[in-house]
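So the structure is just underneath, and the comments pick up after that.
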Amino acid sequence: MLATQKALEELARKRDQLRAYQSQHGAGLSAYRELLGSLRDRFPDAGALNAALDAIASTGETQIGARPTAEYGAWRSQHANALPVFPFAHDFAHHEEARAWAELLRGVTTFAVDGSQLPPWRDASVPLALIQVALFENPHQPPAPYIKDATVTLLSPEELVSAEPDEADARSGEDYGYSERITHLRRYELEIELIVARMAALAAKGIQRERVVAFYDGSLIPSFALKAPPAYRNRYARAARSLLSASARHRIPLIGYIDTSYARDILTMLAALGDGRQMAGKQPLPGKAESRSLRDALLWHGWLRWGDRTPAFRSARYDLARLSQAEPNQSDDDEANRATEVAFVYLQTALDRPPARLEFPLWMLDEGLLEHVMDVTRAEVIAGGGYPYPIEAADATAVISAVDRAQFYALFQEFAEHEGLQFSFSRKALSKSRRRL
């Protein structure tokens, strides 16, 4: 139980530090936002901005983070906004009006995949991991039913022990002799495999690309894998590339939805562009330490109405290339590599939060599908009450709760006894489990 009064006293004791942080954070954000607002005057079109970024990238000393797309020029020519914004064309008086507009989903098949896992329980005598990956698919065409299904995969002791071991536990310094990291990787791979399979199945039915949208809960660029050993990095990159390639091959639009994004691609681009000579007399950018709390989404926070979005930018992090640097037989085909390029926008889906980041394959922009897919996403956000309904439904189907964990180990204990296998729990762990349910 939280000692509430003592927690309040501690917050009061740190009041000045919290205020100083807020002031520093606001000043840094203001400087970057000022730089973002200067793009209109400094770069008349995407070509000029790309040329400036090319010059910076050629030095090999600075990351450029992001690049503009053709939508940059459309923003400059069609909208007078100081910041790069595409206003949403509708303004709903009430939720019923919004839901009526969301009827555009009728006849559009949307689906999402999400997963959950039980990592090996250190207080059990046998290392086992359970992965559950769920699909939710809705054709939005009554009386055709929606699909809600889950697949379950068990990682055996052999699979966990034979994988590259994790680092020693940070608290105890112990090496448990098996890998938890492989559980996260296998969940990721299984999620991707299920999305790719559904894309193939829907494409085989001949559904037109305007009539289907796939959602993935997370980034299409697994940057987190950069910290993993090479064998893991390569598998993450291979899975990510397979997803992007499947989207391009089947021409099925794909959205990677990040509700709370910590990406810094635009900040990196602005920092690369905004040296002292170009920004003479302007507020200086914060140092590296001071800017660590900033993120792209905050640049537009408070400046967008519901449904507004930014122009599309192309990711220039090169994370997939960096992840795959040790991968043998990586394709040098320009068309194949183009198929795996990722772009992104920021879309305002809730007025009390920064905009969400939506990532998508670049081919969608090239073929004029982006605004249609944005409308489908807006409609699903309305249906989900602030979050895309297919992702919400897939998550609810996939999630494994504390009660589920206890149930799984009870099932396994029964199975082990029936099969004559030796299996035991830590008494302390069982006591904690009972008290926290």
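Chain labels A, B, ... are given in the sequence in which chains occur in the structure tokens; within each chain residues are numbered consecutively from 1, and ligands are likewise numbered from 1 in the order shown.
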Item checked: Contacts of A:Ala82 within 12 Å, only C-alpha atoms, excl. fewer than 4 positions in-chain, as a VMD selection string -> chain A and resid 33 to 41 75 to 76 86 300 303 to 304 310
Next item on the list: Run DSSP on the backbone and grab whatever in stretch 170-378 of chain A lands in helix (DSSP H, G or I); send it over as a PyMOL selection string.
Entry: chain A and resi 181-204+209-211+223-227+230-250+265-273+296-300+319-323+334-339+362-366+370-378
Write the residues of the preceding selection, restricted to C-alpha atoms, as an mmCIF file, in the first residue's frame.
```
data_model
loop_
_atom_site.group_PDB
_atom_site.id
_atom_site.type_symbol
_atom_site.label_atom_id
_atom_site.label_comp_id
_atom_site.auth_asym_id
_atom_site.auth_seq_id
_atom_site.Cartn_x
_atom_site.Cartn_y
_atom_site.Cartn_z
ATOM 1 C CA ARG A 181 15.121 -12.303 -24.925
ATOM 2 C CA ILE A 182 14.207 -15.144 -27.266
ATOM 3 C CA THR A 183 10.619 -14.941 -25.967
ATOM 4 C CA HIS A 184 10.276 -11.321 -27.075
ATOM 5 C CA LEU A 185 11.845 -12.102 -30.441
ATOM 6 C CA ARG A 186 9.570 -15.073 -31.078
ATOM 7 C CA ARG A 187 6.505 -13.015 -30.162
ATOM 8 C CA TYR A 188 7.593 -10.353 -32.661
ATOM 9 C CA GLU A 189 8.197 -12.937 -35.383
ATOM 10 C CA LEU A 190 4.866 -14.658 -34.758
ATOM 11 C CA GLU A 191 2.974 -11.354 -34.906
ATOM 12 C CA ILE A 192 4.613 -10.545 -38.234
ATOM 13 C CA GLU A 193 3.965 -14.038 -39.599
ATOM 14 C CA LEU A 194 0.261 -13.751 -38.777
ATOM 15 C CA ILE A 195 -0.088 -10.310 -40.417
ATOM 16 C CA VAL A 196 1.724 -11.519 -43.545
ATOM 17 C CA ALA A 197 -0.502 -14.610 -43.705
ATOM 18 C CA ARG A 198 -3.659 -12.489 -43.465
ATOM 19 C CA MET A 199 -2.372 -10.152 -46.175
ATOM 20 C CA ALA A 200 -1.812 -13.127 -48.465
ATOM 21 C CA ALA A 201 -5.245 -14.563 -47.691
ATOM 22 C CA LEU A 202 -7.049 -11.273 -48.358
ATOM 23 C CA ALA A 203 -5.044 -10.644 -51.529
ATOM 24 C CA ALA A 204 -6.002 -14.130 -52.753
ATOM 25 C CA ARG A 209 -6.301 -2.167 -51.958
ATOM 26 C CA GLU A 210 -8.782 0.619 -51.104
ATOM 27 C CA ARG A 211 -10.923 -1.954 -49.310
ATOM 28 C CA SER A 223 15.061 0.258 -33.426
ATOM 29 C CA PHE A 224 15.040 -1.373 -29.990
ATOM 30 C CA ALA A 225 16.854 -4.351 -31.547
ATOM 31 C CA LEU A 226 19.994 -2.269 -32.122
ATOM 32 C CA LYS A 227 21.007 -3.121 -28.553
ATOM 33 C CA PRO A 230 23.772 -9.604 -33.952
ATOM 34 C CA ALA A 231 21.835 -12.861 -34.287
ATOM 35 C CA TYR A 232 18.774 -11.259 -32.729
ATOM 36 C CA ARG A 233 19.188 -8.003 -34.673
ATOM 37 C CA ASN A 234 19.232 -9.885 -37.960
ATOM 38 C CA ARG A 235 16.070 -11.799 -37.129
ATOM 39 C CA TYR A 236 14.219 -8.638 -36.122
ATOM 40 C CA ALA A 237 15.330 -6.937 -39.347
ATOM 41 C CA ARG A 238 14.362 -9.975 -41.427
ATOM 42 C CA ALA A 239 10.871 -10.013 -39.908
ATOM 43 C CA ALA A 240 10.386 -6.261 -40.369
ATOM 44 C CA ARG A 241 11.496 -6.459 -43.985
ATOM 45 C CA SER A 242 9.174 -9.395 -44.633
ATOM 46 C CA LEU A 243 6.214 -7.367 -43.352
ATOM 47 C CA LEU A 244 7.010 -4.311 -45.461
ATOM 48 C CA SER A 245 7.714 -6.475 -48.517
ATOM 49 C CA ALA A 246 4.391 -8.320 -48.086
ATOM 50 C CA SER A 247 2.518 -5.022 -47.911
ATOM 51 C CA ALA A 248 4.168 -3.874 -51.160
ATOM 52 C CA ARG A 249 3.762 -7.249 -52.883
ATOM 53 C CA HIS A 250 0.062 -7.648 -52.056
ATOM 54 C CA ASP A 265 13.446 11.951 -36.245
ATOM 55 C CA ILE A 266 12.147 15.488 -36.838
ATOM 56 C CA LEU A 267 14.184 16.874 -33.930
ATOM 57 C CA THR A 268 17.292 15.236 -35.408
ATOM 58 C CA MET A 269 16.551 16.746 -38.816
ATOM 59 C CA LEU A 270 15.996 20.209 -37.327
ATOM 60 C CA ALA A 271 19.174 20.036 -35.254
ATOM 61 C CA ALA A 272 21.139 19.077 -38.368
ATOM 62 C CA LEU A 273 19.691 22.026 -40.292
ATOM 63 C CA ASP A 296 8.800 14.854 -32.158
ATOM 64 C CA ALA A 297 5.155 14.603 -31.117
ATOM 65 C CA LEU A 298 5.556 17.487 -28.659
ATOM 66 C CA LEU A 299 6.403 19.878 -31.501
ATOM 67 C CA TRP A 300 2.761 19.797 -32.612
ATOM 68 C CA ASP A 319 17.733 1.488 -38.738
ATOM 69 C CA LEU A 320 16.748 -1.438 -40.953
ATOM 70 C CA ALA A 321 20.017 -1.092 -42.851
ATOM 71 C CA ARG A 322 21.977 -0.861 -39.612
ATOM 72 C CA LEU A 323 20.098 -3.801 -38.149
ATOM 73 C CA ASP A 334 16.726 -0.775 -55.585
ATOM 74 C CA GLU A 335 13.084 -1.731 -56.102
ATOM 75 C CA ALA A 336 13.209 -4.274 -53.277
ATOM 76 C CA ASN A 337 14.827 -1.764 -50.955
ATOM 77 C CA ARG A 338 12.292 0.901 -51.973
ATOM 78 C CA ALA A 339 9.544 -1.513 -50.928
ATOM 79 C CA LEU A 362 6.397 4.592 -48.673
ATOM 80 C CA TRP A 363 4.595 2.931 -51.602
ATOM 81 C CA MET A 364 1.256 4.031 -50.093
ATOM 82 C CA LEU A 365 2.219 7.665 -50.546
ATOM 83 C CA ASP A 366 3.605 7.055 -54.032
ATOM 84 C CA LEU A 370 -2.346 7.894 -47.805
ATOM 85 C CA GLU A 371 -5.266 10.250 -47.206
ATOM 86 C CA HIS A 372 -7.798 7.448 -47.692
ATOM 87 C CA VAL A 373 -5.929 5.316 -45.133
ATOM 88 C CA MET A 374 -5.776 8.306 -42.758
ATOM 89 C CA ASP A 375 -9.572 8.574 -42.983
ATOM 90 C CA VAL A 376 -9.930 4.848 -42.272
ATOM 91 C CA THR A 377 -7.658 5.311 -39.246
ATOM 92 C CA ARG A 378 -9.651 8.332 -38.027
#
```
Check: For A:Ala383, which residue out of A:Pro143, A:Glu96, A:Ala129, A:Thr260 is the nearest one, using only C-alpha atoms?
Finding: A:Glu96
Note to self: Using only C-alpha atoms, which protein or nucleic acid residues come within 7 Å of A:Ala102? Drop anything in the same chain fewer than 3 positions from it, and give the result as a ChimeraX atom specification.
What the structure shows: /A:98-99,105,379,382
Write out the residues from the selection above, keeping N, CA and C atoms, as a CSV table (one decimal), in the first residue's frame.
```csv
chain,number,residue,atom,x,y,z
A,98,ALA,N,-19.7,12.4,-35.5
A,98,ALA,CA,-18.5,11.7,-35.8
A,98,ALA,C,-18.7,10.2,-36.2
A,99,ARG,N,-19.6,9.6,-35.5
A,99,ARG,CA,-19.9,8.2,-35.8
A,99,ARG,C,-20.5,8.0,-37.1
A,105,LEU,N,-16.3,3.4,-43.2
A,105,LEU,CA,-15.7,2.1,-43.0
A,105,LEU,C,-16.5,0.9,-43.6
A,379,ALA,N,-11.6,7.0,-38.6
A,379,ALA,CA,-12.9,6.3,-38.4
A,379,ALA,C,-12.7,5.2,-37.3
A,382,ILE,N,-12.5,6.8,-33.9
A,382,ILE,CA,-13.8,7.1,-33.5
A,382,ILE,C,-14.5,5.9,-32.9
```
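Those residues that approach A:Ala393 to within 12 Å, counting only C-alpha atoms, are Thr110, Phe111, Ala112, Val113, Asp114, Gly115, Ala134, Leu135, Phe136, Glu137, Asn138, Tyr146, Ile147, Lys148, Asp149, Ala150, Phe215, Asp217, Glu380, Ala383, Gly384, Tyr387, Pro388, Tyr389, Thr397, Ala398 and Val399 of chain A; same-chain residues fewer than 4 positions away are not listed.
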Next item on the list: Enumerate the residues of stretch 30-262 of chain A with a DSSP assignment of strand (DSSP E), computed from the backbone, and present them as a PyMOL selection string.
Entry: chain A and resi 66-68+109-118+129-138+147-155+212-217+254-258
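The space separating atom CA of A:Arg251 from atom CA of A:Val342 comes to 14.8 Å.
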